[in-house]
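One structure is given below, encoded as structure tokens.
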Amino acid sequence: MEINSENIRHLAELSDFALSEKEIESLGGDLKNIIKYISELDELDTDGVEPTYQVFEMENVWRPDEIVSQDATREDLLKLTQNEKDNQIKVPRVL
Amino acid sequence: MKTANKTVTATMLVKDALQKAKHFAEYNIFTFLNEEGALKKAAEIDARIARGEEVGKLAGVPYALKDNFLSPEGQTTASAHILEGYVSPVTATVVEKLESEGAIMIGRTNLDAFAHGSSTENSYFGPTHNAHDFERVAGGSSGGSAVAVALDIVEFATGTDTGGSIRQPASFNGVYGLKPTYGANSRYGVVAMASSLDCIGFSTKTPDDMDLLMSITAGQDPKDMTTLPDFYNIAAPPTRTVTRIGVIKDFDNDAVDAEIREALSRKCELLKSKGYEIVELDMPALKYALAAYYIIQPAEVASNLSRYDGVRYGFRSERAQDLEGLYNNTRGEGFMPENKRRIMIGNFVLSSGFYDAYFLKAAKARTLIVQEYAEAFQKCDFILTPVSPNPAFKLGEKVNDPVAMYLEDLMSVSLNLAGVPGLAVPAGKTRDGRSLGLQLVGPRRSDKSLIEFAKELQDENDL
């Protein structure tokens, strides 16, 4: 893929970042080099090979349908935010 | 390791560790020193010892915690701006297990932010310096942990290894570093990087210490459904009779520093003289492990790091006008450049139109790598390889060239893709005094045997 400032902006959008013009330029150069490197994988013949997504070797790990103790209470978690109001987390306007 | 008793108290051990930590402050090893908390715990342990109580296998032993392990003592920052101010209400399972045996955390160690890096230079708090050469990198991402052990500040330190992050800094600083079998230790309460690759392990001064720590932490955790039933402490652990050591042909090439190749041949000669058979292995897919890793890992990173939005915890940007702006500015200001590169690459390889060519292709390559290891372990008991292509490099040398930095992970990432354990052992020094390391690789669940094998060679490991 041709990496240009337009698709860098698109990837930044997918990633939920605000990027400065300077960052778009420097990250663009880096991403181009990284993509060039990972594209070397093309050389490897993977015809007929099934993909592997995990190496845990276990499936369907069952446990009783009971809640495993959650260490943190609602109050503990609300304390972590800087903007709590009425037992809820305050954010800027949505629309 | 030295545990506390009535004459050498936990308070003495902790004070000594804290004093050493301060003495080496310029190495930038710690993101937080747990002075108050550690001394309080030491006093409690001393009181229990005075009452004649059994405290545990790690009674009063000072240790360092990589700053991506959650515990309420100090902020858990993962050396990232975006987690600034985050004091966790939960405690990682591994931390709970260590402390229930009496270990005392004296500080949190520096890492590449979110463990993204191979030098501990990508930290919001600045780089950690190598234990034996101040101008050089500590390795990474568990750089602070390896240096804390190498400088003898603590008896051991925790680490995380997604693609070499325990083993490479261990080898850069002349200590032992274990990346266990995937699922051996619980990941609960550890900041997630790439969930199918992340492993929890340790830096230690001896293989005996590693053995002790694994015997304490290994096993199933109801809070992490990807932990394996304890295979480490079962009555007859699957120890192997080791007779054949494999070396990988392709690794002995120009990509690897000459002194590391010499260290590898020295070790092979030593093993031969002790009666071991050296088996040459052909593992052609390993050449592609690094490219596959730098597709799979960023894809998982992009997903795991999507939770940092500035709403519920950590840093929140002040510049936002609306919710979308809050996310964008918080993440834009809160992540380091390397975090951004990995998230963007991850979203690229997962996006429609590129998924098949990159992510799916890498997942298929992973199958071939798993198969190559399985075949290799039909021909030999353990594999001996370099940990990294180079010994510790200069601070600043590679930090502006992401691909050059990624290439430092050439020999370490394939273990994570295959889920097999690897133990970095010291292997002497370069002519200019830098630490060298080699790694012993075994089949899944052979962690105990790997450590036993390193014990057997202990006196000659650092040749």
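Residue numbers start at 1 in each chain; chains themselves are named A, B, ... in the order of the structure tokens; ligands are numbered from 1 in the order shown.
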What's around region 25-42 of chain A at 7 Å? Count only C-alpha atoms, leave out sequence neighbours fewer than 3 positions away in its own chain, and write the answer as an mmCIF file with all heavy atoms, in the first residue's frame.
```cif
data_model
loop_
_atom_site.group_PDB
_atom_site.id
_atom_site.type_symbol
_atom_site.label_atom_id
_atom_site.label_comp_id
_atom_site.auth_asym_id
_atom_site.auth_seq_id
_atom_site.Cartn_x
_atom_site.Cartn_y
_atom_site.Cartn_z
ATOM 1 N N ILE A 3 1.798 4.593 1.311
ATOM 2 C CA ILE A 3 1.503 5.326 2.550
ATOM 3 C C ILE A 3 1.635 6.818 2.273
ATOM 4 O O ILE A 3 2.703 7.298 1.900
ATOM 5 C CB ILE A 3 2.466 4.905 3.682
ATOM 6 C CG1 ILE A 3 2.221 3.455 4.079
ATOM 7 C CG2 ILE A 3 2.349 5.813 4.890
ATOM 8 C CD1 ILE A 3 0.955 3.214 4.856
ATOM 9 N N ASN A 4 0.522 7.526 2.394
ATOM 10 C CA ASN A 4 0.566 8.972 2.215
ATOM 11 C C ASN A 4 -0.151 9.635 3.385
ATOM 12 O O ASN A 4 -0.709 8.959 4.247
ATOM 13 C CB ASN A 4 -0.071 9.359 0.875
ATOM 14 C CG ASN A 4 -1.458 8.740 0.729
ATOM 15 O OD1 ASN A 4 -2.222 8.689 1.696
ATOM 16 N ND2 ASN A 4 -1.774 8.261 -0.468
ATOM 17 N N SER A 5 -0.123 10.962 3.388
ATOM 18 C CA SER A 5 -0.681 11.652 4.555
ATOM 19 C C SER A 5 -2.177 11.375 4.686
ATOM 20 O O SER A 5 -2.710 11.351 5.790
ATOM 21 C CB SER A 5 -0.409 13.148 4.478
ATOM 22 O OG SER A 5 -1.018 13.676 3.335
ATOM 23 N N ILE A 8 -2.491 7.956 6.416
ATOM 24 C CA ILE A 8 -2.013 8.111 7.799
ATOM 25 C C ILE A 8 -3.139 8.729 8.646
ATOM 26 O O ILE A 8 -3.416 8.297 9.759
ATOM 27 C CB ILE A 8 -0.756 9.019 7.850
ATOM 28 C CG1 ILE A 8 0.432 8.298 7.229
ATOM 29 C CG2 ILE A 8 -0.434 9.447 9.278
ATOM 30 C CD1 ILE A 8 0.946 7.130 8.013
ATOM 31 N N GLU A 21 0.638 17.870 12.460
ATOM 32 C CA GLU A 21 1.188 17.735 11.104
ATOM 33 C C GLU A 21 2.590 17.117 11.151
ATOM 34 O O GLU A 21 2.963 16.302 10.319
ATOM 35 C CB GLU A 21 1.254 19.105 10.410
ATOM 36 C CG GLU A 21 -0.108 19.645 9.987
ATOM 37 C CD GLU A 21 -0.881 18.662 9.080
ATOM 38 O OE1 GLU A 21 -0.291 18.141 8.117
ATOM 39 O OE2 GLU A 21 -2.077 18.410 9.373
ATOM 40 N N LYS A 22 3.348 17.538 12.167
ATOM 41 C CA LYS A 22 4.709 17.030 12.313
ATOM 42 C C LYS A 22 4.700 15.523 12.567
ATOM 43 O O LYS A 22 5.508 14.779 12.016
ATOM 44 C CB LYS A 22 5.392 17.764 13.486
ATOM 45 C CG LYS A 22 6.889 17.915 13.334
ATOM 46 C CD LYS A 22 7.449 18.713 14.495
ATOM 47 C CE LYS A 22 8.614 17.951 15.092
ATOM 48 N NZ LYS A 22 8.930 18.334 16.459
ATOM 49 N N TYR B 288 11.002 -15.829 9.284
ATOM 50 C CA TYR B 288 9.840 -14.957 9.095
ATOM 51 C C TYR B 288 9.100 -14.668 10.401
ATOM 52 O O TYR B 288 8.068 -14.004 10.402
ATOM 53 C CB TYR B 288 8.897 -15.582 8.058
ATOM 54 C CG TYR B 288 9.582 -15.734 6.727
ATOM 55 C CD1 TYR B 288 10.160 -16.939 6.341
ATOM 56 C CD2 TYR B 288 9.717 -14.630 5.883
ATOM 57 C CE1 TYR B 288 10.848 -17.056 5.148
ATOM 58 C CE2 TYR B 288 10.400 -14.731 4.687
ATOM 59 C CZ TYR B 288 10.967 -15.950 4.322
ATOM 60 O OH TYR B 288 11.642 -16.042 3.145
ATOM 61 N N ALA B 291 8.694 -10.818 11.205
ATOM 62 C CA ALA B 291 7.668 -10.129 10.414
ATOM 63 C C ALA B 291 6.273 -10.544 10.890
ATOM 64 O O ALA B 291 5.383 -9.697 11.049
ATOM 65 C CB ALA B 291 7.855 -10.432 8.928
ATOM 66 N N ALA B 292 6.093 -11.837 11.150
ATOM 67 C CA ALA B 292 4.783 -12.313 11.637
ATOM 68 C C ALA B 292 4.467 -11.693 12.990
ATOM 69 O O ALA B 292 3.335 -11.256 13.248
ATOM 70 C CB ALA B 292 4.782 -13.842 11.731
ATOM 71 N N TYR B 294 5.568 -8.820 14.199
ATOM 72 C CA TYR B 294 5.251 -7.392 14.085
ATOM 73 C C TYR B 294 3.977 -7.131 13.282
ATOM 74 O O TYR B 294 3.685 -6.000 12.916
ATOM 75 C CB TYR B 294 6.469 -6.582 13.620
ATOM 76 C CG TYR B 294 7.306 -6.205 14.829
ATOM 77 C CD1 TYR B 294 8.452 -6.910 15.174
ATOM 78 C CD2 TYR B 294 6.898 -5.189 15.689
ATOM 79 C CE1 TYR B 294 9.181 -6.613 16.321
ATOM 80 C CE2 TYR B 294 7.611 -4.869 16.826
ATOM 81 C CZ TYR B 294 8.749 -5.574 17.143
ATOM 82 O OH TYR B 294 9.438 -5.258 18.295
ATOM 83 N N ILE B 295 3.215 -8.182 13.015
ATOM 84 C CA ILE B 295 1.840 -8.060 12.521
ATOM 85 C C ILE B 295 0.870 -8.471 13.644
ATOM 86 O O ILE B 295 -0.039 -7.725 13.996
ATOM 87 C CB ILE B 295 1.636 -8.952 11.267
ATOM 88 C CG1 ILE B 295 2.475 -8.397 10.113
ATOM 89 C CG2 ILE B 295 0.152 -9.033 10.914
ATOM 90 C CD1 ILE B 295 2.569 -9.317 8.904
ATOM 91 N N ARG B 341 2.714 4.097 16.796
ATOM 92 C CA ARG B 341 3.094 3.297 15.628
ATOM 93 C C ARG B 341 2.453 1.916 15.717
ATOM 94 O O ARG B 341 1.907 1.402 14.734
ATOM 95 C CB ARG B 341 4.622 3.143 15.569
ATOM 96 C CG ARG B 341 5.344 4.404 15.130
ATOM 97 C CD ARG B 341 6.816 4.131 14.828
ATOM 98 N NE ARG B 341 7.641 4.108 16.018
ATOM 99 C CZ ARG B 341 8.326 5.154 16.490
ATOM 100 N NH1 ARG B 341 8.296 6.315 15.867
ATOM 101 N NH2 ARG B 341 9.056 5.037 17.570
ATOM 102 N N PRO B 402 12.607 2.681 14.070
ATOM 103 C CA PRO B 402 11.816 1.575 14.621
ATOM 104 C C PRO B 402 12.193 0.214 14.041
ATOM 105 O O PRO B 402 12.258 -0.766 14.794
ATOM 106 C CB PRO B 402 10.379 1.923 14.251
ATOM 107 C CG PRO B 402 10.373 3.326 13.800
ATOM 108 C CD PRO B 402 11.780 3.761 13.538
ATOM 109 N N VAL B 403 12.488 0.131 12.746
ATOM 110 C CA VAL B 403 12.773 -1.186 12.167
ATOM 111 C C VAL B 403 14.090 -1.742 12.729
ATOM 112 O O VAL B 403 14.178 -2.923 13.074
ATOM 113 C CB VAL B 403 12.773 -1.150 10.625
ATOM 114 C CG1 VAL B 403 13.218 -2.493 10.056
ATOM 115 C CG2 VAL B 403 11.372 -0.810 10.106
#
```
Hey, which bits of chain A sit within 6 Å of chain B, and for each residue what's the closest pair of atoms and how far apart in Å (one decimal), counting only C-alpha atoms, rows by chain and increasing number, as a Markdown table?
```
| residue | atom | partner | partner_atom | distance |
| --- | --- | --- | --- | --- |
| A:Leu11 | CA | B:Met344 | CA | 5.7 |
| A:Asp16 | CA | B:Asn328 | CA | 5.0 |
| A:Phe17 | CA | B:Asn328 | CA | 4.3 |
| A:Ala18 | CA | B:Asn328 | CA | 4.8 |
| A:Ile38 | CA | B:Ala291 | CA | 4.5 |
| A:Val49 | CA | B:Lys364 | CA | 5.8 |
| A:Glu50 | CA | B:Lys364 | CA | 5.7 |
| A:Pro51 | CA | B:Lys364 | CA | 4.0 |
| A:Thr52 | CA | B:Ala363 | CA | 5.1 |
| A:Gln54 | CA | B:Ser196 | CA | 5.5 |
| A:Val55 | CA | B:Gly419 | CA | 5.7 |
| A:Asp71 | CA | B:Val90 | CA | 5.6 |
| A:Ala72 | CA | B:Pro89 | CA | 5.7 |
| A:Leu80 | CA | B:Tyr313 | CA | 5.0 |
| A:Thr81 | CA | B:Tyr313 | CA | 4.7 |
| A:Pro92 | CA | B:Asp322 | CA | 4.8 |
| A:Arg93 | CA | B:Asp322 | CA | 4.9 |
| A:Val94 | CA | B:Leu323 | CA | 5.1 |
```
Could you dump the residues just selected with N, CA, C and O atoms as a tab-separated table (two decimals), in the first residue's frame?
```tsv
chain	number	residue	atom	x	y	z
A	11	LEU	N	-5.70	6.06	9.32
A	11	LEU	CA	-5.29	5.13	10.38
A	11	LEU	C	-5.36	5.81	11.75
A	11	LEU	O	-5.74	5.18	12.74
A	16	ASP	N	-8.23	6.49	16.94
A	16	ASP	CA	-8.69	7.53	17.88
A	16	ASP	C	-7.56	8.39	18.43
A	16	ASP	O	-7.45	8.60	19.64
A	17	PHE	N	-6.70	8.87	17.54
A	17	PHE	CA	-5.68	9.83	17.97
A	17	PHE	C	-5.88	11.14	17.26
A	17	PHE	O	-6.23	11.14	16.09
A	18	ALA	N	-5.50	12.22	17.94
A	18	ALA	CA	-5.28	13.47	17.24
A	18	ALA	C	-3.78	13.52	16.96
A	18	ALA	O	-2.99	13.30	17.85
A	38	ILE	N	7.44	-5.81	7.23
A	38	ILE	CA	6.51	-6.93	7.49
A	38	ILE	C	6.01	-7.56	6.19
A	38	ILE	O	5.59	-8.72	6.19
A	49	VAL	N	-2.09	-23.83	4.61
A	49	VAL	CA	-1.78	-23.83	6.05
A	49	VAL	C	-2.94	-23.20	6.81
A	49	VAL	O	-3.45	-22.14	6.42
A	50	GLU	N	-3.37	-23.84	7.88
A	50	GLU	CA	-4.42	-23.27	8.73
A	50	GLU	C	-3.81	-22.20	9.65
A	50	GLU	O	-2.69	-22.36	10.12
A	51	PRO	N	-4.55	-21.14	9.93
A	51	PRO	CA	-4.00	-20.11	10.83
A	51	PRO	C	-3.99	-20.55	12.30
A	51	PRO	O	-4.79	-21.39	12.70
A	52	THR	N	-3.08	-19.97	13.08
A	52	THR	CA	-3.03	-20.17	14.53
A	52	THR	C	-3.25	-18.82	15.20
A	52	THR	O	-2.52	-17.87	14.93
A	54	GLN	N	-3.97	-18.72	18.77
A	54	GLN	CA	-3.55	-18.82	20.18
A	54	GLN	C	-2.80	-20.14	20.36
A	54	GLN	O	-2.98	-21.07	19.58
A	55	VAL	N	-1.95	-20.18	21.38
A	55	VAL	CA	-1.13	-21.38	21.59
A	55	VAL	C	-1.39	-21.96	22.97
A	55	VAL	O	-0.55	-22.60	23.57
A	71	ASP	N	-12.27	-7.63	42.86
A	71	ASP	CA	-11.57	-7.01	43.97
A	71	ASP	C	-11.99	-5.56	44.20
A	71	ASP	O	-11.82	-5.04	45.28
A	72	ALA	N	-12.48	-4.91	43.16
A	72	ALA	CA	-12.75	-3.49	43.29
A	72	ALA	C	-14.25	-3.23	43.41
A	72	ALA	O	-15.05	-3.84	42.72
A	80	LEU	N	-11.22	6.58	40.73
A	80	LEU	CA	-10.12	6.67	39.77
A	80	LEU	C	-10.33	7.76	38.73
A	80	LEU	O	-9.41	8.20	38.07
A	81	THR	N	-11.57	8.16	38.54
A	81	THR	CA	-11.81	9.18	37.52
A	81	THR	C	-11.66	10.56	38.15
A	81	THR	O	-11.86	10.74	39.35
A	92	PRO	N	-17.28	15.53	28.48
A	92	PRO	CA	-17.78	16.67	27.70
A	92	PRO	C	-18.99	16.26	26.88
A	92	PRO	O	-19.29	15.07	26.75
A	93	ARG	N	-19.63	17.23	26.25
A	93	ARG	CA	-20.86	16.94	25.50
A	93	ARG	C	-20.60	15.89	24.42
A	93	ARG	O	-19.50	15.82	23.86
A	94	VAL	N	-21.61	15.08	24.15
A	94	VAL	CA	-21.46	13.99	23.21
A	94	VAL	C	-21.78	14.46	21.79
A	94	VAL	O	-21.12	14.07	20.82
```
Backbone-only DSSP, alpha helix (DSSP H) members of chain A, as number ranges by chain = A: 5-14, 21-38, 74-79
task = Please provide as a list in words all residues within 6 Å of Leu440 (chain B), with the sequence filter that same-chain residues fewer than 6 positions apart are discarded (counting only C-alpha atoms).
result = Ile383, Leu384, Gly422 and Leu423 of chain B
Export of the given selection (C-alpha atoms) as a CSV table (one decimal), in the first residue's frame:
```
chain,number,residue,atom,x,y,z
B,383,ILE,CA,17.7,-25.6,21.7
B,384,LEU,CA,20.5,-23.2,22.4
B,422,GLY,CA,13.0,-19.8,27.1
B,423,LEU,CA,15.6,-19.2,29.8
```
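Take CA of Gln439 (chain B) and CA of Phe56 (chain A): the distance between them is 22.1 Å.
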request  = From chain A, collect each residue whose DSSP state is strand (DSSP E or B) and return the set as a PyMOL selection string.
outcome  = chain A and resi 84-85+88-89+93
Now that the selection is made, can you save its residues with N, CA and C atoms as an mmCIF file, in the first residue's frame?
```
data_model
loop_
_atom_site.group_PDB
_atom_site.id
_atom_site.type_symbol
_atom_site.label_atom_id
_atom_site.label_comp_id
_atom_site.auth_asym_id
_atom_site.auth_seq_id
_atom_site.Cartn_x
_atom_site.Cartn_y
_atom_site.Cartn_z
ATOM 1 N N GLU A 84 -15.974 12.936 38.705
ATOM 2 C CA GLU A 84 -17.128 12.198 39.183
ATOM 3 C C GLU A 84 -18.219 13.180 39.610
ATOM 4 N N LYS A 85 -19.458 12.847 39.261
ATOM 5 C CA LYS A 85 -20.572 13.665 39.739
ATOM 6 C C LYS A 85 -21.776 12.760 39.946
ATOM 7 N N GLN A 88 -21.516 9.203 39.045
ATOM 8 C CA GLN A 88 -21.320 8.893 37.631
ATOM 9 C C GLN A 88 -20.078 9.631 37.136
ATOM 10 N N ILE A 89 -19.621 9.257 35.940
ATOM 11 C CA ILE A 89 -18.434 9.894 35.385
ATOM 12 C C ILE A 89 -18.856 10.975 34.396
ATOM 13 N N ARG A 93 -19.628 17.232 26.254
ATOM 14 C CA ARG A 93 -20.861 16.937 25.505
ATOM 15 C C ARG A 93 -20.596 15.890 24.420
#
```
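CA of Val387 (chain B) is positioned 5.8 Å from CA of Met411 (chain B).
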task = Report the distance between CA of Ile45 (chain B) and CA of Ile216 (chain B) in Å, rounded to one decimal place.
result = 18.4 Å
request  = Could you give me, as a ChimeraX atom specification, the residues within 12 Å of Ala25 (chain B), counting only C-alpha atoms and dropping anything in the same chain fewer than 2 positions from it?
outcome  = /B:18-23,27-33,109,128-129,131,144,147-148,151,153
With C-alpha atoms retained, could you export that selection as a compact mmCIF listing (two decimals), in the first residue's frame?
```txt
# COMPACT_ATOMS: atom_id res chain seq x y z
CA LEU B 18 16.24 1.01 49.49
CA GLN B 19 19.64 2.51 50.23
CA LYS B 20 21.13 0.77 47.18
CA ALA B 21 18.21 1.90 45.04
CA LYS B 22 18.96 5.50 46.02
CA HIS B 23 22.68 5.02 45.50
CA TYR B 27 20.48 4.72 36.40
CA ASN B 28 16.77 5.64 36.39
CA ILE B 29 15.68 2.14 37.37
CA PHE B 30 12.59 2.95 39.42
CA THR B 31 9.40 4.83 38.64
CA PHE B 32 8.38 4.60 42.30
CA LEU B 33 10.19 3.72 45.54
CA THR B 109 10.70 -0.54 37.70
CA THR B 128 17.19 3.21 32.18
CA HIS B 129 20.97 2.78 31.92
CA ALA B 131 24.12 -1.99 34.74
CA GLY B 144 14.51 -1.55 34.99
CA VAL B 147 19.23 -3.66 36.03
CA ALA B 148 17.77 -3.73 39.56
CA LEU B 151 23.17 -4.10 40.42
CA ILE B 153 19.56 -3.87 44.60
```
